[in-house]
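As provided, model-v8.txt (compact mmCIF, C-alpha atoms) reads as follows.
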```
# COMPACT_ATOMS: atom_id res chain seq x y z
CA MET U 1 15.73 20.95 -20.31
CA PRO U 2 17.16 18.04 -18.34
CA LEU U 3 16.45 17.84 -14.63
CA VAL U 4 18.38 16.92 -11.55
CA THR U 5 16.28 14.15 -10.03
CA CYS U 6 16.56 12.07 -6.90
CA ASP U 7 14.91 8.79 -5.94
CA ILE U 8 15.09 7.67 -2.35
CA SER U 9 13.28 5.01 -0.31
CA VAL U 10 12.57 6.01 3.25
CA SER U 11 10.72 4.69 6.25
CA MET U 12 7.72 6.58 7.66
CA ASP U 13 10.16 8.35 9.96
CA GLY U 14 12.44 9.33 7.10
CA PHE U 15 15.35 6.93 7.40
CA SER U 16 17.01 5.55 4.26
CA ALA U 17 19.50 3.36 6.10
CA GLY U 18 20.11 2.14 9.60
CA VAL U 19 23.13 2.58 11.80
CA ARG U 20 26.38 0.53 11.70
CA GLN U 21 26.69 0.17 7.92
CA SER U 22 29.25 -2.48 6.98
CA LEU U 23 30.25 -4.98 4.32
CA ASP U 24 27.80 -7.51 5.75
CA GLN U 25 25.06 -4.93 6.25
CA PRO U 26 25.24 -2.34 3.46
CA LEU U 27 22.21 -0.54 4.87
CA GLY U 28 23.19 -0.93 8.49
CA ASP U 29 21.44 -2.64 11.31
CA ILE U 30 17.96 -2.90 9.78
CA ASP U 31 15.88 -5.43 7.89
CA GLU U 32 16.44 -3.92 4.45
CA THR U 33 13.32 -5.55 3.05
CA TRP U 34 11.43 -3.00 5.15
CA LEU U 35 12.74 -0.31 2.80
CA HIS U 36 13.15 -2.13 -0.50
CA SER U 37 10.72 -5.03 -0.82
CA TRP U 38 8.53 -2.81 -3.02
CA MET U 39 11.33 -2.83 -5.62
CA PHE U 40 12.29 -6.47 -5.45
CA GLU U 41 9.19 -8.37 -4.32
CA ARG U 42 6.49 -6.16 -5.83
CA THR U 43 8.22 -5.14 -9.02
CA ASP U 44 5.10 -5.75 -11.13
CA GLU U 45 3.10 -3.06 -9.41
CA ASN U 46 6.00 -0.60 -9.24
CA GLN U 47 7.73 -1.12 -12.58
CA ALA U 48 7.52 2.50 -13.74
CA GLU U 49 9.05 3.80 -10.51
CA VAL U 50 11.76 1.12 -10.53
CA ASP U 51 12.69 1.92 -14.13
CA ALA U 52 12.78 5.66 -13.46
CA ILE U 53 15.44 5.25 -10.77
CA VAL U 54 18.16 4.40 -13.29
CA ASP U 55 16.74 6.41 -16.21
CA ALA U 56 19.36 9.17 -16.21
CA GLY U 57 22.42 10.10 -18.23
CA ALA U 58 24.69 10.38 -15.20
CA PHE U 59 24.56 9.67 -11.47
CA ILE U 60 26.05 11.14 -8.33
CA MET U 61 26.43 9.23 -5.06
CA GLY U 62 28.18 9.60 -1.74
CA ARG U 63 31.18 7.49 -0.89
CA ASN U 64 29.25 5.58 1.77
CA MET U 65 26.75 4.48 -0.84
CA PHE U 66 29.58 3.29 -3.08
CA GLY U 67 31.20 1.07 -0.49
CA PRO U 68 31.70 0.11 3.13
CA ASP U 69 35.34 1.14 3.41
CA ARG U 70 36.27 4.45 5.04
CA GLY U 71 39.50 6.43 4.96
CA GLU U 72 42.04 5.13 2.41
CA TRP U 73 40.53 3.42 -0.63
CA ASP U 74 40.29 -0.33 -0.83
CA LEU U 75 41.26 -0.52 -4.49
CA ASP U 76 39.76 -3.99 -4.84
CA TRP U 77 36.33 -2.56 -4.05
CA ARG U 78 34.28 -1.87 -7.19
CA GLY U 79 30.85 -1.14 -5.68
CA TRP U 80 28.02 -3.27 -4.37
CA TRP U 81 26.50 -4.05 -7.73
CA GLY U 82 28.66 -6.77 -9.29
CA ASP U 83 30.38 -6.59 -12.69
CA ASP U 84 27.45 -4.92 -14.46
CA PRO U 85 25.93 -2.22 -12.23
CA PRO U 86 22.43 -1.00 -13.07
CA TYR U 87 23.56 2.54 -13.94
CA HIS U 88 24.90 1.93 -17.47
CA GLY U 89 26.54 5.33 -17.53
CA PRO U 90 28.92 7.57 -15.59
CA VAL U 91 28.60 7.58 -11.81
CA PHE U 92 30.33 10.39 -9.91
CA VAL U 93 31.28 9.35 -6.40
CA LEU U 94 31.81 12.17 -3.88
CA ALA U 95 35.07 11.54 -2.06
CA HIS U 96 37.84 13.18 -0.09
CA ARG U 97 40.58 11.10 -1.70
CA GLU U 98 41.58 10.80 -5.35
CA ARG U 99 41.10 7.50 -7.10
CA ASP U 100 41.41 6.43 -10.73
CA ASP U 101 38.25 5.82 -12.70
CA VAL U 102 36.77 2.33 -12.37
CA PRO U 103 35.21 1.20 -15.65
CA MET U 104 32.68 -1.63 -15.37
CA ALA U 105 30.71 -3.77 -17.81
CA GLY U 106 27.53 -2.42 -19.36
CA GLY U 107 28.67 1.18 -19.66
CA THR U 108 28.95 2.07 -15.98
CA THR U 109 32.11 3.95 -14.99
CA PHE U 110 32.79 5.16 -11.46
CA HIS U 111 34.53 8.54 -11.31
CA PHE U 112 35.76 10.01 -8.04
CA VAL U 113 35.22 13.71 -7.41
CA THR U 114 37.12 15.40 -4.61
CA ASN U 115 36.15 19.03 -5.08
CA GLY U 116 32.58 19.09 -3.85
CA ILE U 117 28.98 18.67 -4.90
CA HIS U 118 28.85 21.62 -7.30
CA ALA U 119 31.86 20.34 -9.23
CA ALA U 120 30.37 16.86 -9.28
CA LEU U 121 27.10 18.22 -10.63
CA GLU U 122 28.88 20.19 -13.32
CA ARG U 123 30.71 17.08 -14.51
CA ALA U 124 27.53 14.98 -14.32
CA ARG U 125 25.53 17.53 -16.34
CA ALA U 126 28.20 17.61 -19.00
CA ALA U 127 28.31 13.84 -19.15
CA ALA U 128 24.50 13.46 -19.22
CA GLY U 129 23.98 15.82 -22.16
CA ASP U 130 20.25 16.12 -22.75
CA ARG U 131 19.37 13.44 -20.21
CA ASN U 132 18.67 13.92 -16.49
CA VAL U 133 21.23 13.72 -13.72
CA SER U 134 20.18 11.52 -10.80
CA ILE U 135 21.35 12.00 -7.23
CA ALA U 136 21.49 8.35 -6.21
CA GLY U 137 22.03 8.76 -2.45
CA GLY U 138 22.59 8.24 0.40
CA ALA U 139 20.53 10.58 2.51
CA SER U 140 23.39 12.82 3.57
CA THR U 141 24.36 13.38 -0.06
CA VAL U 142 20.75 14.10 -0.98
CA ASN U 143 20.45 16.52 1.93
CA GLN U 144 23.49 18.47 0.73
CA PHE U 145 22.01 18.85 -2.75
CA LEU U 146 18.61 19.85 -1.33
CA ALA U 147 20.17 22.41 1.00
CA ASP U 148 21.87 24.08 -1.95
CA GLY U 149 18.67 24.06 -4.03
CA LEU U 150 20.17 21.74 -6.64
CA ILE U 151 17.41 19.11 -6.94
CA ASP U 152 14.57 19.79 -9.38
CA GLU U 153 12.51 16.68 -8.71
CA LEU U 154 12.55 14.60 -5.54
CA ARG U 155 10.86 11.20 -5.73
CA VAL U 156 10.29 9.82 -2.27
CA HIS U 157 9.22 6.21 -1.82
CA VAL U 158 7.72 5.89 1.66
CA THR U 159 7.57 2.39 3.08
CA PRO U 160 5.30 1.26 5.93
CA ALA U 161 7.83 0.96 8.71
CA VAL U 162 9.38 3.00 11.48
CA LEU U 163 13.13 2.46 11.81
CA GLY U 164 13.85 4.73 14.75
CA ALA U 165 17.49 5.47 13.94
CA GLY U 166 19.91 5.76 11.06
CA GLU U 167 20.63 8.07 8.17
CA ARG U 168 17.74 10.47 7.71
CA LEU U 169 16.40 12.32 4.70
CA PHE U 170 15.87 16.09 5.27
CA ASP U 171 18.13 16.23 8.34
CA GLY U 172 19.57 19.67 8.92
CA LEU U 173 17.54 21.42 6.23
CA PRO U 174 15.93 24.83 6.70
CA PRO U 175 12.17 25.20 6.12
CA MET U 176 11.38 24.52 2.45
CA ARG U 177 8.12 24.32 0.58
CA PHE U 178 7.45 21.90 -2.27
CA GLU U 179 4.89 21.31 -4.96
CA GLN U 180 3.43 17.81 -4.82
CA VAL U 181 3.60 16.82 -8.49
CA SER U 182 2.12 13.36 -8.06
CA SER U 183 1.35 10.83 -5.37
CA ARG U 184 0.48 7.20 -5.85
CA GLY U 185 -0.04 4.43 -3.35
CA ALA U 186 0.87 0.84 -4.26
CA SER U 187 0.24 -1.97 -1.80
CA THR U 188 3.44 -1.63 0.24
CA VAL U 189 4.77 1.81 -0.68
CA THR U 190 3.64 5.36 -1.42
CA HIS U 191 5.41 7.17 -4.26
CA VAL U 192 5.39 10.95 -3.98
CA VAL U 193 7.07 13.29 -6.45
CA TYR U 194 7.96 16.76 -5.18
CA ARG U 195 9.42 19.85 -6.79
CA PRO U 196 10.83 22.64 -4.65
CA VAL U 197 8.97 25.94 -4.68
CA ARG U 198 11.91 28.20 -5.45
CA GLU U 199 10.51 31.36 -3.88
CA ALA U 200 10.00 29.54 -0.60
CA VAL U 201 13.50 28.15 -0.77
CA ASP U 202 14.98 31.57 -1.43
CA GLN U 203 12.89 33.10 1.35
CA ALA U 204 14.02 30.48 3.83
CA ARG U 205 17.64 31.06 2.87
CA ALA U 206 17.44 34.88 2.95
CA MET P 207 -15.19 -3.73 17.23
CA PRO P 208 -14.36 -0.05 17.65
CA LEU P 209 -10.83 1.09 16.87
CA VAL P 210 -8.36 3.47 18.38
CA THR P 211 -7.57 5.80 15.50
CA CYS P 212 -5.27 8.75 15.07
CA ASP P 213 -5.19 11.50 12.45
CA ILE P 214 -2.13 13.69 12.23
CA SER P 215 -0.85 16.19 9.65
CA VAL P 216 2.89 16.20 9.26
CA SER P 217 5.50 17.77 7.05
CA MET P 218 7.69 15.62 4.78
CA ASP P 219 10.19 15.49 7.63
CA GLY P 220 7.56 14.40 10.14
CA PHE P 221 6.85 17.54 12.14
CA SER P 222 3.30 18.27 13.31
CA ALA P 223 4.15 21.58 14.95
CA GLY P 224 7.04 24.00 15.10
CA VAL P 225 8.98 25.21 18.08
CA ARG P 226 7.97 27.99 20.51
CA GLN P 227 4.25 27.22 20.74
CA SER P 228 2.32 30.08 22.32
CA LEU P 229 -1.06 31.79 22.50
CA ASP P 230 -0.26 33.77 19.36
CA GLN P 231 1.25 30.77 17.59
CA PRO P 232 -0.61 27.62 18.61
CA LEU P 233 1.55 25.53 16.29
CA GLY P 234 4.76 27.33 17.07
CA ASP P 235 7.07 29.23 14.83
CA ILE P 236 5.88 27.91 11.45
CA ASP P 237 3.50 28.96 8.70
CA GLU P 238 0.65 26.69 9.76
CA THR P 239 -0.89 26.75 6.30
CA TRP P 240 2.05 24.56 5.29
CA LEU P 241 0.52 21.78 7.41
CA HIS P 242 -3.20 22.49 7.26
CA SER P 243 -4.17 24.27 4.04
CA TRP P 244 -5.39 20.91 2.68
CA MET P 245 -8.11 20.95 5.36
CA PHE P 246 -9.14 24.58 5.12
CA GLU P 247 -8.36 25.70 1.57
CA ARG P 248 -8.86 22.42 -0.26
CA THR P 249 -11.74 21.00 1.73
CA ASP P 250 -13.64 19.95 -1.39
CA GLU P 251 -11.01 17.45 -2.47
CA ASN P 252 -10.37 16.17 1.07
CA GLN P 253 -13.85 16.12 2.58
CA ALA P 254 -13.84 12.42 3.53
CA GLU P 255 -10.53 12.76 5.36
CA VAL P 256 -11.59 15.97 7.09
CA ASP P 257 -14.86 14.40 8.26
CA ALA P 258 -13.09 11.28 9.52
CA ILE P 259 -10.91 13.31 11.88
CA VAL P 260 -13.81 14.11 14.20
CA ASP P 261 -15.85 10.94 13.54
CA ALA P 262 -15.24 9.25 16.88
CA GLY P 263 -17.15 8.71 20.11
CA ALA P 264 -14.39 10.11 22.32
CA PHE P 265 -11.06 11.88 21.94
CA ILE P 266 -7.77 12.01 23.77
CA MET P 267 -5.29 14.88 23.50
CA GLY P 268 -2.19 16.14 25.23
CA ARG P 269 -2.31 19.20 27.40
CA ASN P 270 -0.18 21.19 24.95
CA MET P 271 -2.76 20.59 22.25
CA PHE P 272 -5.50 21.79 24.60
CA GLY P 273 -3.88 25.12 25.40
CA PRO P 274 -0.77 27.27 25.51
CA ASP P 275 -0.52 27.55 29.30
CA ARG P 276 1.93 25.37 31.21
CA GLY P 277 2.16 24.55 34.90
CA GLU P 278 -0.89 25.68 36.93
CA TRP P 279 -4.15 25.79 34.98
CA ASP P 280 -5.44 29.04 33.57
CA LEU P 281 -9.07 28.33 34.45
CA ASP P 282 -10.31 30.87 31.94
CA TRP P 283 -8.82 28.80 29.14
CA ARG P 284 -11.39 26.56 27.45
CA GLY P 285 -9.44 25.34 24.42
CA TRP P 286 -8.58 26.80 21.03
CA TRP P 287 -11.86 25.97 19.39
CA GLY P 288 -14.38 28.60 20.59
CA ASP P 289 -17.68 27.88 22.31
CA ASP P 290 -18.60 24.93 20.09
CA PRO P 291 -15.52 22.75 19.48
CA PRO P 292 -15.62 20.32 16.55
CA TYR P 293 -15.48 17.21 18.75
CA HIS P 294 -19.14 17.04 19.87
CA GLY P 295 -18.31 14.46 22.50
CA PRO P 296 -16.02 13.79 25.45
CA VAL P 297 -12.38 14.89 25.11
CA PHE P 298 -9.90 13.49 27.62
CA VAL P 299 -6.96 15.83 28.16
CA LEU P 300 -3.76 14.25 29.53
CA ALA P 301 -2.53 16.39 32.40
CA HIS P 302 -0.42 16.39 35.52
CA ARG P 303 -2.85 18.59 37.48
CA GLU P 304 -6.48 18.00 38.37
CA ARG P 305 -9.10 20.27 36.89
CA ASP P 306 -12.89 20.17 36.88
CA ASP P 307 -14.66 19.12 33.70
CA VAL P 308 -15.26 21.90 31.18
CA PRO P 309 -18.58 21.43 29.39
CA MET P 310 -18.94 23.29 26.09
CA ALA P 311 -21.73 23.82 23.59
CA GLY P 312 -22.49 21.14 20.99
CA GLY P 313 -21.78 18.16 23.22
CA THR P 314 -18.04 18.61 23.74
CA THR P 315 -16.83 18.19 27.33
CA PHE P 316 -13.19 18.45 28.30
CA HIS P 317 -12.17 15.99 31.03
CA PHE P 318 -8.73 16.08 32.62
CA VAL P 319 -6.95 12.79 33.28
CA THR P 320 -3.97 12.74 35.59
CA ASN P 321 -3.21 9.02 35.84
CA GLY P 322 -1.70 8.28 32.45
CA ILE P 323 -2.50 7.24 28.91
CA HIS P 324 -3.87 3.77 29.74
CA ALA P 325 -6.35 5.24 32.21
CA ALA P 326 -7.33 7.90 29.69
CA LEU P 327 -7.89 5.24 27.04
CA GLU P 328 -10.02 3.16 29.39
CA ARG P 329 -12.24 6.14 30.15
CA ALA P 330 -12.42 7.12 26.46
CA ARG P 331 -13.38 3.58 25.39
CA ALA P 332 -16.12 3.46 27.98
CA ALA P 333 -17.41 6.85 26.89
CA ALA P 334 -17.24 6.01 23.17
CA GLY P 335 -19.28 2.82 23.45
CA ASP P 336 -19.41 1.22 20.02
CA ARG P 337 -17.73 4.16 18.30
CA ASN P 338 -13.99 4.69 17.76
CA VAL P 339 -11.65 6.52 20.09
CA SER P 340 -9.47 9.10 18.37
CA ILE P 341 -6.03 10.15 19.59
CA ALA P 342 -6.19 13.80 18.55
CA GLY P 343 -2.56 14.82 19.15
CA GLY P 344 -0.05 16.34 19.49
CA ALA P 345 2.84 14.28 18.26
CA SER P 346 4.28 13.47 21.67
CA THR P 347 0.92 12.11 22.81
CA VAL P 348 0.59 10.07 19.62
CA ASN P 349 4.11 8.73 20.08
CA GLN P 350 3.29 7.53 23.59
CA PHE P 351 0.25 5.63 22.34
CA LEU P 352 2.21 4.16 19.42
CA ALA P 353 5.05 3.06 21.69
CA ASP P 354 2.61 1.14 23.87
CA GLY P 355 0.92 -0.47 20.84
CA LEU P 356 -2.42 1.24 21.55
CA ILE P 357 -3.24 2.66 18.11
CA ASP P 358 -5.10 0.43 15.66
CA GLU P 359 -5.21 2.81 12.70
CA LEU P 360 -2.83 5.68 12.05
CA ARG P 361 -3.90 8.17 9.37
CA VAL P 362 -0.98 10.33 8.36
CA HIS P 363 -1.56 13.40 6.19
CA VAL P 364 1.79 14.33 4.64
CA THR P 365 2.08 17.88 3.36
CA PRO P 366 4.66 19.11 0.82
CA ALA P 367 6.97 21.03 3.09
CA VAL P 368 10.08 20.55 5.19
CA LEU P 369 9.88 22.28 8.57
CA GLY P 370 13.30 21.40 9.93
CA ALA P 371 12.42 21.57 13.63
CA GLY P 372 9.55 21.13 16.04
CA GLU P 373 7.44 18.37 17.49
CA ARG P 374 8.00 15.18 15.52
CA LEU P 375 5.84 12.15 14.87
CA PHE P 376 7.56 8.78 15.56
CA ASP P 377 10.32 10.32 17.70
CA GLY P 378 11.77 7.86 20.17
CA LEU P 379 9.94 4.81 18.82
CA PRO P 380 11.59 1.42 18.39
CA PRO P 381 11.48 -0.25 14.93
CA MET P 382 7.86 -1.03 14.00
CA ARG P 383 6.33 -2.44 10.86
CA PHE P 384 2.95 -1.37 9.50
CA GLU P 385 0.46 -2.49 6.91
CA GLN P 386 -0.34 0.26 4.41
CA VAL P 387 -4.13 0.04 4.31
CA SER P 388 -4.65 2.83 1.80
CA SER P 389 -2.80 5.73 0.23
CA ARG P 390 -4.29 8.59 -1.75
CA GLY P 391 -2.71 11.71 -3.14
CA ALA P 392 -4.75 14.91 -3.39
CA SER P 393 -3.21 18.02 -4.90
CA THR P 394 -1.45 19.33 -1.78
CA VAL P 395 -1.40 16.36 0.57
CA THR P 396 -0.92 12.60 0.63
CA HIS P 397 -3.23 10.61 2.91
CA VAL P 398 -1.80 7.30 4.10
CA VAL P 399 -3.59 4.91 6.45
CA TYR P 400 -1.42 2.48 8.38
CA ARG P 401 -2.14 -0.36 10.77
CA PRO P 402 0.61 -1.76 12.97
CA VAL P 403 1.76 -5.31 12.27
CA ARG P 404 1.47 -6.67 15.76
CA GLU P 405 4.02 -9.47 15.42
CA ALA P 406 6.63 -6.97 14.29
CA VAL P 407 5.77 -4.71 17.20
CA ASP P 408 6.06 -7.55 19.69
CA GLN P 409 9.32 -8.71 18.14
CA ALA P 410 10.83 -5.25 18.31
CA ARG P 411 9.82 -4.93 21.94
CA ALA P 412 11.05 -8.40 22.95
```
In structure tokens, what does this structure look like?
Amino acid sequence: MPLVTCDISVSMDGFSAGVRQSLDQPLGDIDETWLHSWMFERTDENQAEVDAIVDAGAFIMGRNMFGPDRGEWDLDWRGWWGDDPPYHGPVFVLAHRERDDVPMAGGTTFHFVTNGIHAALERARAAAGDRNVSIAGGASTVNQFLADGLIDELRVHVTPAVLGAGERLFDGLPPMRFEQVSSRGASTVTHVVYRPVREAVDQARA
Amino acid sequence: MPLVTCDISVSMDGFSAGVRQSLDQPLGDIDETWLHSWMFERTDENQAEVDAIVDAGAFIMGRNMFGPDRGEWDLDWRGWWGDDPPYHGPVFVLAHRERDDVPMAGGTTFHFVTNGIHAALERARAAAGDRNVSIAGGASTVNQFLADGLIDELRVHVTPAVLGAGERLFDGLPPMRFEQVSSRGASTVTHVVYRPVREAVDQARA
């Protein structure tokens, strides 16, 4: 049975982005190599984890991960990833405003979902068929899916830095227990795969 | 040259204790097995890490780690650890009020230091001789030492749970970069050893 997965790179203090995100600074006011050099500069020792990030049949992301604009859509904006984004499949962008689909090269299409995370997940599951659905980020989107018990496998990539401020994984969640499925240290990152312990989740929510 | 080390168990969201710490709940309003079962129930697969925690010539801890009382000393209180605490050496307790030394069985003596973390570290270094000094906790004490660049080796034991509230490692710190010295996953915990990258620390503080 396909899973709902999530990959997210965080600092030791849990931040996946800094503050003041903008066109010039997609991840805000931080040195983004502190979070992502393991993917780009150490690819050889992290290839399996890098590949797994985009190995899904459909993706869901928050609007702030899709682009720097807020409020009304900038219809010229087609994502951060150039003409051929790495998703190669449908990407459902959580939004408050309607927007027509944006088809890209390589099989990626951005769809805009205005009726909430459950509706987005339903569409993503249908589109993914027998493949996984990946919650692509950012942290506030991931936190919403975690809070509603919708993520089956959380893959956290912890990088050796403290950021001190920004958008934080796990913010606002109730106590939840996980199973640690695997944990592997590379030279500049620790990859930990967690699955929620459902009874603990249900208990915490009761 | 001896190091200043620190071992601390934290949840995935960085908490080392819950809220409402008291005599009945030394770690506050949490299920403490969520943070510490790796030490007590899985000792066999974590023996090296467990042993390392108390392998130092002197220790420093915050008053709230020493006991549940606040304000004036309860002179009957001699720590959480029974007659023979696991430290077997001098323990310097950071405090605002003077108190006479408390000698225990097995070589542990609690000393009370009222003139700050640097003074406590100086006394602990002198007492430890050629052995390491360990910052024993809690999180707010660790954060003070990290902020002042006084910890050489931080050993974080990340447990598979989200606590959602409590006393948090790294709170209030400026951006800091670390070297990941080692990282090992056991079945219910991930052990990561970090050393601060001094240039990054100095840059962040400039």
Gap from CA of Val339 (chain P) to CA of Ala262 (chain P) - Å, one decimal: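 Pair CA of Val339 (chain P) / CA of Ala262 (chain P) returns 5.5 Å.
For chain U, the residues close to chain P, meaning within 6 Å and counting only C-alpha atoms, are Pro160, Ala161, Val162, Leu163, Gly164, Leu173, Pro174, Pro175, Met176, Arg177, Phe178, Gln180, Ser183, Gly185 and Thr188 of chain U.
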Coordinates-based distance that separates CA of Gly129 (chain U) from CA of Met1 (chain U) (Å, one decimal): 9.9 Å
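Coordinates place CA of Val210 (chain P) at a distance of 7.2 Å from CA of Ile341 (chain P).
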Just want the 10 Å neighbourhood of Phe316 (chain P), counted on all atoms listed in the file, with same-chain residues fewer than 6 positions away dropped. Output as a PDB file with C-alpha atoms, in the frame of the given file.
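The resulting file, around.pdb, is reproduced below:
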```
ATOM      1  CA  PHE P 265     -11.060  11.880  21.940  1.00  0.00           C
ATOM      2  CA  ILE P 266      -7.770  12.010  23.770  1.00  0.00           C
ATOM      3  CA  MET P 267      -5.290  14.880  23.500  1.00  0.00           C
ATOM      4  CA  PHE P 272      -5.500  21.790  24.600  1.00  0.00           C
ATOM      5  CA  ARG P 284     -11.390  26.560  27.450  1.00  0.00           C
ATOM      6  CA  GLY P 285      -9.440  25.340  24.420  1.00  0.00           C
ATOM      7  CA  TYR P 293     -15.480  17.210  18.750  1.00  0.00           C
ATOM      8  CA  GLY P 295     -18.310  14.460  22.500  1.00  0.00           C
ATOM      9  CA  PRO P 296     -16.020  13.790  25.450  1.00  0.00           C
ATOM     10  CA  VAL P 297     -12.380  14.890  25.110  1.00  0.00           C
ATOM     11  CA  PHE P 298      -9.900  13.490  27.620  1.00  0.00           C
ATOM     12  CA  VAL P 299      -6.960  15.830  28.160  1.00  0.00           C
ATOM     13  CA  ARG P 305      -9.100  20.270  36.890  1.00  0.00           C
ATOM     14  CA  ASP P 306     -12.890  20.170  36.880  1.00  0.00           C
ATOM     15  CA  ASP P 307     -14.660  19.120  33.700  1.00  0.00           C
ATOM     16  CA  VAL P 308     -15.260  21.900  31.180  1.00  0.00           C
ATOM     17  CA  PRO P 309     -18.580  21.430  29.390  1.00  0.00           C
ATOM     18  CA  MET P 310     -18.940  23.290  26.090  1.00  0.00           C
TER      19      MET P 310
END
```
Counting all atoms listed in the file, the option among P:Phe221, P:Trp279, P:Trp286, P:Phe318 closest to Asp235 (chain P):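 Closest to Asp235 (chain P) of all the choices is P:Phe221.
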Spatial neighbours of region 223-228 of chain P, max dist 6 Å, all atoms listed in the file, sep filter under 4 positions, as an NGL selection string: :P and (232-236 or 274 or 372-373)
Residues near Ala326 (chain P), cut-off 8 Å, all atoms listed in the file, skip fewer than 4 positions along chain, as a PyMOL selection string: chain P and resi 266+298+300+319+321-322+330
Nearest-residue call for Met39 (chain U), choices U:Ser134, U:Thr114, U:Thr141, U:Ser9, using all atoms listed in the file: U:Ser9
May I have the residues at most 7 Å from (0.8, 19.8, 35.4) in the file's coordinates, counting all atoms listed in the file, as a compact mmCIF listing (two decimals) with C-alpha atoms, in the frame of the given file?
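Output (selection_28.txt):
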```txt
# COMPACT_ATOMS: atom_id res chain seq x y z
CA GLY P 277 2.16 24.55 34.90
CA GLU P 278 -0.89 25.68 36.93
CA ALA P 301 -2.53 16.39 32.40
CA HIS P 302 -0.42 16.39 35.52
CA ARG P 303 -2.85 18.59 37.48
```
Nearest residue to Gly263 (chain P) from the set P:Glu359, P:Leu327, P:Gly312, P:His294 (distances using only C-alpha atoms): P:His294
As lines of an AutoDock Vina configuration file, what would the box around region 319-328 of chain P look like: edges along x, y and z, 6 Å added on every side, centre and edge lengths in Å to one decimal?
```
center_x = -5.9
center_y = 8.0
center_z = 31.4
size_x = 20.3
size_y = 21.6
size_z = 20.8
```
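Closest to Asp257 (chain P) among P:Asp230, P:Asp282, P:Asp290, P:Asp213 is P:Asp213, based on only C-alpha atoms.
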